[in-house]
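Structure data follow from entry.cif (mmCIF, N, CA and C atoms and all ligand atoms):
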data_input
loop_
_atom_site.label_atom_id
_atom_site.label_comp_id
_atom_site.auth_asym_id
_atom_site.auth_seq_id
_atom_site.Cartn_x
_atom_site.Cartn_y
_atom_site.Cartn_z
N MET A 1098 -26.57 0.30 -14.16
CA MET A 1098 -26.91 1.69 -14.51
C MET A 1098 -26.36 2.01 -15.89
N ALA A 1099 -27.23 2.47 -16.75
CA ALA A 1099 -26.81 2.77 -18.12
C ALA A 1099 -25.91 4.01 -18.15
N ASP A 1100 -25.03 4.02 -19.10
CA ASP A 1100 -24.17 5.18 -19.28
C ASP A 1100 -24.97 6.34 -19.87
N THR A 1101 -24.48 7.53 -19.64
CA THR A 1101 -25.09 8.70 -20.26
C THR A 1101 -24.34 9.03 -21.54
N TRP A 1102 -25.07 9.16 -22.62
CA TRP A 1102 -24.46 9.56 -23.89
C TRP A 1102 -24.17 11.05 -23.85
N MET A 1103 -22.91 11.40 -23.94
CA MET A 1103 -22.56 12.81 -24.00
C MET A 1103 -22.25 13.13 -25.46
N THR A 1104 -23.09 13.95 -26.05
CA THR A 1104 -22.97 14.18 -27.48
C THR A 1104 -22.80 15.66 -27.80
N ASP A 1105 -21.75 15.97 -28.53
CA ASP A 1105 -21.63 17.28 -29.14
C ASP A 1105 -22.14 17.10 -30.57
N ILE A 1106 -23.31 17.67 -30.84
CA ILE A 1106 -23.97 17.39 -32.11
C ILE A 1106 -23.13 17.88 -33.30
N THR A 1107 -22.28 18.86 -33.08
CA THR A 1107 -21.48 19.36 -34.20
C THR A 1107 -20.47 18.31 -34.69
N HIS A 1108 -20.22 17.28 -33.88
CA HIS A 1108 -19.33 16.20 -34.33
C HIS A 1108 -19.95 15.39 -35.46
N PHE A 1109 -21.25 15.57 -35.64
CA PHE A 1109 -21.93 14.83 -36.70
C PHE A 1109 -22.20 15.71 -37.92
N LEU A 1110 -21.58 16.89 -37.93
CA LEU A 1110 -21.79 17.82 -39.04
C LEU A 1110 -20.51 17.95 -39.87
N ASP A 1111 -20.70 18.10 -41.18
CA ASP A 1111 -19.54 18.41 -42.02
C ASP A 1111 -19.37 19.93 -42.07
N GLU A 1112 -18.43 20.40 -42.87
CA GLU A 1112 -18.14 21.84 -42.85
C GLU A 1112 -19.27 22.68 -43.43
N ASP A 1113 -20.22 22.06 -44.14
CA ASP A 1113 -21.38 22.79 -44.65
C ASP A 1113 -22.55 22.76 -43.68
N GLY A 1114 -22.37 22.19 -42.50
CA GLY A 1114 -23.46 22.12 -41.54
C GLY A 1114 -24.44 21.02 -41.83
N GLU A 1115 -24.08 20.10 -42.69
CA GLU A 1115 -24.96 18.97 -43.02
C GLU A 1115 -24.51 17.73 -42.26
N MET A 1116 -25.45 16.79 -42.13
CA MET A 1116 -25.13 15.53 -41.49
C MET A 1116 -24.03 14.78 -42.25
N ILE A 1117 -23.08 14.27 -41.51
CA ILE A 1117 -22.04 13.48 -42.16
C ILE A 1117 -22.66 12.21 -42.75
N THR A 1118 -22.05 11.66 -43.78
CA THR A 1118 -22.61 10.46 -44.40
C THR A 1118 -21.77 9.22 -44.09
N GLU A 1119 -20.55 9.42 -43.61
CA GLU A 1119 -19.75 8.27 -43.22
C GLU A 1119 -18.82 8.63 -42.08
N PRO A 1120 -18.37 7.68 -41.28
CA PRO A 1120 -18.80 6.27 -41.36
C PRO A 1120 -20.30 6.10 -41.10
N VAL A 1121 -20.86 5.06 -41.70
CA VAL A 1121 -22.30 4.86 -41.65
C VAL A 1121 -22.81 4.77 -40.22
N GLN A 1122 -22.05 4.12 -39.37
CA GLN A 1122 -22.46 3.98 -37.97
C GLN A 1122 -22.63 5.34 -37.30
N ALA A 1123 -21.71 6.25 -37.60
CA ALA A 1123 -21.79 7.60 -37.04
C ALA A 1123 -22.98 8.34 -37.61
N LYS A 1124 -23.25 8.12 -38.88
CA LYS A 1124 -24.39 8.77 -39.52
C LYS A 1124 -25.71 8.32 -38.87
N VAL A 1125 -25.82 7.03 -38.62
CA VAL A 1125 -27.04 6.49 -38.01
C VAL A 1125 -27.23 7.07 -36.61
N LEU A 1126 -26.16 7.11 -35.85
CA LEU A 1126 -26.22 7.71 -34.51
C LEU A 1126 -26.55 9.19 -34.60
N GLY A 1127 -25.91 9.87 -35.55
CA GLY A 1127 -26.11 11.29 -35.73
C GLY A 1127 -27.56 11.61 -36.06
N GLU A 1128 -28.16 10.78 -36.88
CA GLU A 1128 -29.56 11.00 -37.25
C GLU A 1128 -30.48 10.80 -36.04
N TYR A 1129 -30.10 9.86 -35.22
CA TYR A 1129 -30.88 9.61 -34.01
C TYR A 1129 -30.82 10.82 -33.08
N PHE A 1130 -29.61 11.31 -32.84
CA PHE A 1130 -29.47 12.48 -31.97
C PHE A 1130 -30.11 13.71 -32.59
N ALA A 1131 -30.00 13.84 -33.91
CA ALA A 1131 -30.60 14.99 -34.59
C ALA A 1131 -32.12 14.99 -34.42
N SER A 1132 -32.72 13.81 -34.47
CA SER A 1132 -34.18 13.77 -34.30
C SER A 1132 -34.57 14.12 -32.87
N ILE A 1133 -33.68 13.80 -31.91
CA ILE A 1133 -33.95 14.21 -30.53
C ILE A 1133 -33.85 15.74 -30.42
N VAL A 1134 -32.87 16.34 -31.11
CA VAL A 1134 -32.73 17.80 -31.09
C VAL A 1134 -33.98 18.45 -31.67
N LEU A 1135 -34.46 17.95 -32.78
CA LEU A 1135 -35.69 18.48 -33.39
C LEU A 1135 -36.84 18.45 -32.40
N MET A 1136 -36.99 17.32 -31.75
CA MET A 1136 -38.10 17.14 -30.83
C MET A 1136 -37.96 18.04 -29.60
N ALA A 1137 -36.78 18.01 -29.00
CA ALA A 1137 -36.60 18.72 -27.73
C ALA A 1137 -36.57 20.24 -27.91
N SER A 1138 -36.12 20.70 -29.08
CA SER A 1138 -36.04 22.16 -29.27
C SER A 1138 -37.33 22.72 -29.84
N PHE A 1139 -38.26 21.87 -30.16
CA PHE A 1139 -39.53 22.35 -30.70
C PHE A 1139 -40.20 23.25 -29.67
N PRO A 1140 -40.58 24.49 -30.06
CA PRO A 1140 -41.04 25.48 -29.08
C PRO A 1140 -42.32 25.09 -28.35
N ASP A 1141 -43.13 24.28 -28.97
CA ASP A 1141 -44.39 23.89 -28.35
C ASP A 1141 -44.24 22.50 -27.74
N PRO A 1142 -44.54 22.36 -26.43
CA PRO A 1142 -44.42 21.03 -25.82
C PRO A 1142 -45.30 19.99 -26.51
N ASP A 1143 -46.39 20.47 -27.13
CA ASP A 1143 -47.22 19.55 -27.90
C ASP A 1143 -46.69 19.47 -29.33
N PHE A 1144 -45.47 18.93 -29.46
CA PHE A 1144 -44.88 18.88 -30.78
C PHE A 1144 -45.63 17.87 -31.65
N PRO A 1145 -45.56 18.05 -32.98
CA PRO A 1145 -46.29 17.14 -33.87
C PRO A 1145 -45.83 15.70 -33.65
N PRO A 1146 -46.77 14.76 -33.75
CA PRO A 1146 -46.45 13.36 -33.46
C PRO A 1146 -45.32 12.80 -34.33
N GLU A 1147 -45.14 13.35 -35.53
CA GLU A 1147 -44.08 12.82 -36.39
C GLU A 1147 -42.69 13.19 -35.86
N TYR A 1148 -42.63 14.04 -34.84
CA TYR A 1148 -41.34 14.38 -34.23
C TYR A 1148 -40.94 13.39 -33.15
N SER A 1149 -41.84 12.52 -32.79
CA SER A 1149 -41.54 11.57 -31.73
C SER A 1149 -40.31 10.72 -32.09
N VAL A 1150 -39.49 10.46 -31.08
CA VAL A 1150 -38.31 9.64 -31.26
C VAL A 1150 -38.49 8.37 -30.45
N TYR A 1151 -38.15 7.26 -31.05
CA TYR A 1151 -38.32 5.99 -30.35
C TYR A 1151 -36.96 5.38 -30.02
N CYS A 1152 -36.90 4.80 -28.87
CA CYS A 1152 -35.65 4.27 -28.34
C CYS A 1152 -35.03 3.26 -29.30
N ARG A 1153 -33.74 3.42 -29.52
CA ARG A 1153 -33.06 2.55 -30.47
C ARG A 1153 -32.35 1.38 -29.79
N ARG A 1154 -32.42 1.34 -28.48
CA ARG A 1154 -31.70 0.27 -27.78
C ARG A 1154 -32.42 -1.07 -27.95
N ARG A 1155 -31.66 -2.11 -27.82
CA ARG A 1155 -32.19 -3.45 -27.92
C ARG A 1155 -31.76 -4.26 -26.72
N PRO A 1156 -32.36 -3.97 -25.54
CA PRO A 1156 -31.97 -4.76 -24.36
C PRO A 1156 -32.38 -6.22 -24.59
N LYS A 1157 -31.47 -7.11 -24.33
CA LYS A 1157 -31.69 -8.55 -24.55
C LYS A 1157 -32.18 -8.82 -25.98
N ARG A 1158 -31.64 -8.06 -26.92
CA ARG A 1158 -31.91 -8.22 -28.35
C ARG A 1158 -33.35 -7.94 -28.75
N LYS A 1159 -34.12 -7.36 -27.84
CA LYS A 1159 -35.48 -6.97 -28.22
C LYS A 1159 -35.54 -5.45 -28.33
N PRO A 1160 -36.01 -4.95 -29.48
CA PRO A 1160 -36.05 -3.49 -29.64
C PRO A 1160 -36.90 -2.85 -28.55
N CYS A 1161 -36.37 -1.82 -27.96
CA CYS A 1161 -37.09 -1.14 -26.86
C CYS A 1161 -38.26 -0.34 -27.42
N LEU A 1162 -37.94 0.57 -28.35
CA LEU A 1162 -38.96 1.34 -29.08
C LEU A 1162 -39.89 2.18 -28.20
N GLU A 1163 -39.47 2.45 -26.98
CA GLU A 1163 -40.24 3.35 -26.14
C GLU A 1163 -40.04 4.78 -26.64
N LYS A 1164 -41.04 5.64 -26.38
CA LYS A 1164 -40.91 7.04 -26.77
C LYS A 1164 -39.90 7.74 -25.88
N ILE A 1165 -38.92 8.36 -26.51
CA ILE A 1165 -37.89 9.10 -25.78
C ILE A 1165 -38.47 10.43 -25.29
N ALA A 1166 -38.12 10.79 -24.07
CA ALA A 1166 -38.48 12.10 -23.55
C ALA A 1166 -37.26 13.01 -23.69
N GLY A 1167 -37.48 14.21 -24.22
CA GLY A 1167 -36.35 15.13 -24.41
C GLY A 1167 -36.75 16.55 -24.06
N TRP A 1168 -35.81 17.29 -23.51
CA TRP A 1168 -36.11 18.67 -23.14
C TRP A 1168 -34.81 19.46 -23.05
N VAL A 1169 -34.96 20.79 -23.12
CA VAL A 1169 -33.80 21.67 -22.99
C VAL A 1169 -33.63 22.02 -21.52
N GLU A 1170 -32.46 21.78 -20.99
CA GLU A 1170 -32.17 22.08 -19.60
C GLU A 1170 -31.82 23.56 -19.51
N PRO A 1171 -32.64 24.36 -18.78
CA PRO A 1171 -32.44 25.81 -18.82
C PRO A 1171 -31.06 26.26 -18.32
N ASP A 1172 -30.50 25.60 -17.33
CA ASP A 1172 -29.22 26.04 -16.76
C ASP A 1172 -28.06 25.88 -17.74
N SER A 1173 -27.93 24.71 -18.31
CA SER A 1173 -26.79 24.42 -19.19
C SER A 1173 -27.12 24.68 -20.65
N ASP A 1174 -28.41 24.78 -20.98
CA ASP A 1174 -28.87 24.92 -22.35
C ASP A 1174 -28.57 23.66 -23.18
N ASP A 1175 -28.21 22.59 -22.50
CA ASP A 1175 -28.03 21.31 -23.19
C ASP A 1175 -29.39 20.63 -23.31
N ILE A 1176 -29.46 19.73 -24.25
CA ILE A 1176 -30.66 18.90 -24.37
C ILE A 1176 -30.45 17.62 -23.59
N TYR A 1177 -31.40 17.30 -22.74
CA TYR A 1177 -31.38 16.04 -22.00
C TYR A 1177 -32.44 15.14 -22.58
N TRP A 1178 -32.14 13.86 -22.61
CA TRP A 1178 -33.15 12.91 -23.09
C TRP A 1178 -33.02 11.62 -22.31
N ILE A 1179 -34.12 10.94 -22.20
CA ILE A 1179 -34.12 9.68 -21.47
C ILE A 1179 -35.21 8.77 -22.03
N CYS A 1180 -34.92 7.49 -22.01
CA CYS A 1180 -35.93 6.51 -22.35
C CYS A 1180 -36.57 6.06 -21.03
N PRO A 1181 -37.88 6.32 -20.86
CA PRO A 1181 -38.52 5.99 -19.58
C PRO A 1181 -38.52 4.48 -19.29
N LYS A 1182 -38.31 3.68 -20.32
CA LYS A 1182 -38.40 2.24 -20.12
C LYS A 1182 -37.05 1.61 -19.78
N CYS A 1183 -36.06 1.79 -20.66
CA CYS A 1183 -34.77 1.12 -20.43
C CYS A 1183 -33.75 2.05 -19.79
N GLN A 1184 -34.12 3.32 -19.56
CA GLN A 1184 -33.28 4.30 -18.88
C GLN A 1184 -32.06 4.70 -19.70
N ASP A 1185 -32.03 4.40 -20.99
CA ASP A 1185 -30.98 4.92 -21.84
C ASP A 1185 -31.12 6.44 -21.81
N LYS A 1186 -30.01 7.15 -21.65
CA LYS A 1186 -30.15 8.59 -21.50
C LYS A 1186 -28.92 9.31 -22.01
N GLY A 1187 -29.08 10.60 -22.23
CA GLY A 1187 -27.96 11.35 -22.73
C GLY A 1187 -28.17 12.84 -22.68
N ARG A 1188 -27.16 13.51 -23.17
CA ARG A 1188 -27.09 14.95 -23.10
C ARG A 1188 -26.47 15.42 -24.40
N ILE A 1189 -27.06 16.41 -25.02
CA ILE A 1189 -26.58 16.89 -26.32
C ILE A 1189 -26.24 18.37 -26.19
N SER A 1190 -25.02 18.70 -26.57
CA SER A 1190 -24.60 20.10 -26.49
C SER A 1190 -24.35 20.65 -27.90
N ASN A 1191 -24.19 21.95 -27.97
CA ASN A 1191 -23.89 22.66 -29.23
C ASN A 1191 -24.95 22.45 -30.31
N TRP A 1192 -26.18 22.28 -29.89
CA TRP A 1192 -27.24 22.04 -30.87
C TRP A 1192 -27.81 23.34 -31.41
N ARG A 1193 -27.67 24.43 -30.64
CA ARG A 1193 -28.26 25.69 -31.10
C ARG A 1193 -27.61 26.17 -32.38
N GLY A 1194 -28.44 26.59 -33.33
CA GLY A 1194 -27.93 27.10 -34.60
C GLY A 1194 -27.69 26.01 -35.62
N THR A 1195 -27.84 24.74 -35.24
CA THR A 1195 -27.71 23.67 -36.24
C THR A 1195 -29.00 23.60 -37.05
N ILE A 1196 -28.97 22.82 -38.11
CA ILE A 1196 -30.15 22.71 -38.96
C ILE A 1196 -31.32 22.05 -38.24
N TRP A 1197 -31.06 21.44 -37.09
CA TRP A 1197 -32.13 20.76 -36.36
C TRP A 1197 -32.68 21.60 -35.21
N ASP A 1198 -32.15 22.79 -35.05
CA ASP A 1198 -32.62 23.68 -33.99
C ASP A 1198 -33.97 24.27 -34.39
N MET A 1199 -35.01 23.85 -33.67
CA MET A 1199 -36.35 24.32 -33.99
C MET A 1199 -36.79 25.43 -33.05
N SER A 1200 -35.89 25.93 -32.21
CA SER A 1200 -36.33 26.81 -31.13
C SER A 1200 -36.88 28.14 -31.64
N ASP A 1201 -36.48 28.56 -32.86
CA ASP A 1201 -37.08 29.80 -33.37
C ASP A 1201 -38.05 29.49 -34.51
N PHE A 1202 -38.54 28.28 -34.50
CA PHE A 1202 -39.50 27.85 -35.51
C PHE A 1202 -40.80 28.59 -35.31
N VAL A 1203 -41.30 29.21 -36.39
CA VAL A 1203 -42.58 29.89 -36.35
C VAL A 1203 -43.53 29.16 -37.28
N ASP A 1204 -44.63 28.78 -36.72
CA ASP A 1204 -45.61 28.06 -37.53
C ASP A 1204 -46.31 29.06 -38.45
N VAL A 1205 -46.01 29.01 -39.74
CA VAL A 1205 -46.54 30.01 -40.68
C VAL A 1205 -48.00 29.75 -41.02
N VAL A 1206 -48.49 28.59 -40.66
CA VAL A 1206 -49.87 28.26 -41.00
C VAL A 1206 -50.84 29.06 -40.13
N HIS A 1207 -50.44 29.28 -38.87
CA HIS A 1207 -51.36 29.94 -37.95
C HIS A 1207 -51.08 31.43 -37.87
ZN ZN A 1301 -35.40 2.27 -24.24
#

Show how you would write the structure in this file as structure tokens.
Ligand SMILES: [Zn+2]
Amino acid sequence: MADTWMTDITHFLDEDGEMITEPVQAKVLGEYFASIVLMASFPDPDFPPEYSVYCRRRPKRKPCLEKIAGWVEPDSDDIYWICPKCQDKGRISNWRGTIWDMSDFVDVVH
């Protein structure tokens, strides 16, 4: 059974609210979680395809690359995400109000 990633997204932010740049490993992970926040907080379930997040795990050294499913859990207001293929999963807290929070995104085109 895979572990659940428990992520406080603010741990990946510097004091200006921007993504940290080092250590590089943390930055790479932070960008991954940030893209999940963008996707899961997008107000329309039919989010644009460029928001899709692909699994970064490499079970048996083969990239999984399955589309991650992400959503906001109404009770806790945390973001939950799971890879339907390899079952990598996690939970992201403190995402509201970050630069990746799309929940009050208004599409100005329409
Ligand atoms: Zn996967």

Shortest interatomic distance to Ile1176 (chain A) - which of A:Thr1107, A:Ser1200, A:Thr1195, A:Ser1138, counting only C-alpha atoms: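 For Ile1176 (chain A), the nearest of the given residues is A:Ser1138.
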
Which residue of A:Asn1191, A:Thr1118, A:Thr1104, A:Gln1184 approaches ligand ZN 1301 (chain A) most closely, using only C-alpha atoms and all ligand atoms: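 The answer is A:Gln1184, which sits nearest to ligand ZN 1301 (chain A).
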
Shell of 6 Å around region 1159-1171 of chain A, all atoms listed in the file, local chain residues under 6 positions omitted, as a PyMOL selection string: chain A and resi 1136-1137+1150-1153+1177-1181

Residues of chain A in strand (DSSP E), written as a PyMOL selection string: chain A and resi 1101-1105+1166-1169+1176-1179+1186-1190

Generate a file of the selected residues that holds N, CA and C atoms, formatted as a PDB file, in the coordinates of the input.
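Done, and the output landed in part13.pdb:
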ATOM      1  N   THR A1101     -24.480   7.530 -19.640  1.00  0.00           N
ATOM      2  CA  THR A1101     -25.090   8.700 -20.260  1.00  0.00           C
ATOM      3  C   THR A1101     -24.340   9.030 -21.540  1.00  0.00           C
ATOM      4  N   TRP A1102     -25.070   9.160 -22.620  1.00  0.00           N
ATOM      5  CA  TRP A1102     -24.460   9.560 -23.890  1.00  0.00           C
ATOM      6  C   TRP A1102     -24.170  11.050 -23.850  1.00  0.00           C
ATOM      7  N   MET A1103     -22.910  11.400 -23.940  1.00  0.00           N
ATOM      8  CA  MET A1103     -22.560  12.810 -24.000  1.00  0.00           C
ATOM      9  C   MET A1103     -22.250  13.130 -25.460  1.00  0.00           C
ATOM     10  N   THR A1104     -23.090  13.950 -26.050  1.00  0.00           N
ATOM     11  CA  THR A1104     -22.970  14.180 -27.480  1.00  0.00           C
ATOM     12  C   THR A1104     -22.800  15.660 -27.800  1.00  0.00           C
ATOM     13  N   ASP A1105     -21.750  15.970 -28.530  1.00  0.00           N
ATOM     14  CA  ASP A1105     -21.630  17.280 -29.140  1.00  0.00           C
ATOM     15  C   ASP A1105     -22.140  17.100 -30.570  1.00  0.00           C
ATOM     16  N   ALA A1166     -38.120  10.790 -24.070  1.00  0.00           N
ATOM     17  CA  ALA A1166     -38.480  12.100 -23.550  1.00  0.00           C
ATOM     18  C   ALA A1166     -37.260  13.010 -23.690  1.00  0.00           C
ATOM     19  N   GLY A1167     -37.480  14.210 -24.220  1.00  0.00           N
ATOM     20  CA  GLY A1167     -36.350  15.130 -24.410  1.00  0.00           C
ATOM     21  C   GLY A1167     -36.750  16.550 -24.060  1.00  0.00           C
ATOM     22  N   TRP A1168     -35.810  17.290 -23.510  1.00  0.00           N
ATOM     23  CA  TRP A1168     -36.110  18.670 -23.140  1.00  0.00           C
ATOM     24  C   TRP A1168     -34.810  19.460 -23.050  1.00  0.00           C
ATOM     25  N   VAL A1169     -34.960  20.790 -23.120  1.00  0.00           N
ATOM     26  CA  VAL A1169     -33.800  21.670 -22.990  1.00  0.00           C
ATOM     27  C   VAL A1169     -33.630  22.020 -21.520  1.00  0.00           C
ATOM     28  N   ILE A1176     -29.460  19.730 -24.250  1.00  0.00           N
ATOM     29  CA  ILE A1176     -30.660  18.900 -24.370  1.00  0.00           C
ATOM     30  C   ILE A1176     -30.450  17.620 -23.590  1.00  0.00           C
ATOM     31  N   TYR A1177     -31.400  17.300 -22.740  1.00  0.00           N
ATOM     32  CA  TYR A1177     -31.380  16.040 -22.000  1.00  0.00           C
ATOM     33  C   TYR A1177     -32.440  15.140 -22.580  1.00  0.00           C
ATOM     34  N   TRP A1178     -32.140  13.860 -22.610  1.00  0.00           N
ATOM     35  CA  TRP A1178     -33.150  12.910 -23.090  1.00  0.00           C
ATOM     36  C   TRP A1178     -33.020  11.620 -22.310  1.00  0.00           C
ATOM     37  N   ILE A1179     -34.120  10.940 -22.200  1.00  0.00           N
ATOM     38  CA  ILE A1179     -34.120   9.680 -21.470  1.00  0.00           C
ATOM     39  C   ILE A1179     -35.210   8.770 -22.030  1.00  0.00           C
ATOM     40  N   LYS A1186     -30.010   7.150 -21.650  1.00  0.00           N
ATOM     41  CA  LYS A1186     -30.150   8.590 -21.500  1.00  0.00           C
ATOM     42  C   LYS A1186     -28.920   9.310 -22.010  1.00  0.00           C
ATOM     43  N   GLY A1187     -29.080  10.600 -22.230  1.00  0.00           N
ATOM     44  CA  GLY A1187     -27.960  11.350 -22.730  1.00  0.00           C
ATOM     45  C   GLY A1187     -28.170  12.840 -22.680  1.00  0.00           C
ATOM     46  N   ARG A1188     -27.160  13.510 -23.170  1.00  0.00           N
ATOM     47  CA  ARG A1188     -27.090  14.950 -23.100  1.00  0.00           C
ATOM     48  C   ARG A1188     -26.470  15.420 -24.400  1.00  0.00           C
ATOM     49  N   ILE A1189     -27.060  16.410 -25.020  1.00  0.00           N
ATOM     50  CA  ILE A1189     -26.580  16.890 -26.320  1.00  0.00           C
ATOM     51  C   ILE A1189     -26.240  18.370 -26.190  1.00  0.00           C
ATOM     52  N   SER A1190     -25.020  18.700 -26.570  1.00  0.00           N
ATOM     53  CA  SER A1190     -24.600  20.100 -26.490  1.00  0.00           C
ATOM     54  C   SER A1190     -24.350  20.650 -27.900  1.00  0.00           C
TER      55      SER A1190
END

Shortest interatomic distance to ligand ZN 1301 (chain A) - which of A:Gly1187, A:Pro1145, A:Pro1156, A:Gly1114, counting only C-alpha atoms and all ligand atoms: A:Pro1156

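Each of A:Arg1155, A:Trp1197, A:Trp1192, A:Glu1119 was checked against ligand ZN 1301 (chain A) using only C-alpha atoms and all ligand atoms; the smallest atom-to-atom distance is that of A:Arg1155.
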
Between atom C of Phe1139 (chain A) and atom N of Asp1201 (chain A) - distance in Å to one decimal: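 About the pair atom N of Asp1201 (chain A) and atom C of Phe1139 (chain A): they are 7.2 Å apart.
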
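Counting all atoms listed in the file, the residue from A:Lys1124, A:His1108, A:Lys1182, A:Lys1157 that sits nearest to ligand ZN 1301 (chain A) is A:Lys1182.
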
Pick from A:Asp1172, A:Asp1113, A:Asp1105, A:Asp1185 nearest to ligand ZN 1301 (chain A), counting only N, CA and C atoms and all ligand atoms: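 Between A:Asp1172, A:Asp1113, A:Asp1105, A:Asp1185, the residue approaching ligand ZN 1301 (chain A) most closely is A:Asp1185.
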
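With atom C of Asp1198 (chain A) on one side and atom C of Tyr1148 (chain A) on the other, the separation reads 13.0 Å.
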
Separation of CA of Asp1111 (chain A) from CA of Leu1135 (chain A), in Å and rounded to one decimal: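 Atom-to-atom, CA of Asp1111 (chain A) to CA of Leu1135 (chain A), that is 18.3 Å.
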
Long-range neighbours of region 1173-1175 of chain A as a ChimeraX atom specification, 6.5 Å cut-off, only N, CA and C atoms, 6 positions minimum in chain: /A:1188-1191

Let me have the centre and edge lengths of the axis-aligned box enclosing all listed atoms of region 1143-1154 of chain A with 8 Å padding on every side, in Å to one decimal, as lines of an AutoDock Vina configuration file.
center_x = -39.5
center_y = 9.7
center_z = -31.8
size_x = 31.5
size_y = 37.5
size_z = 25.3
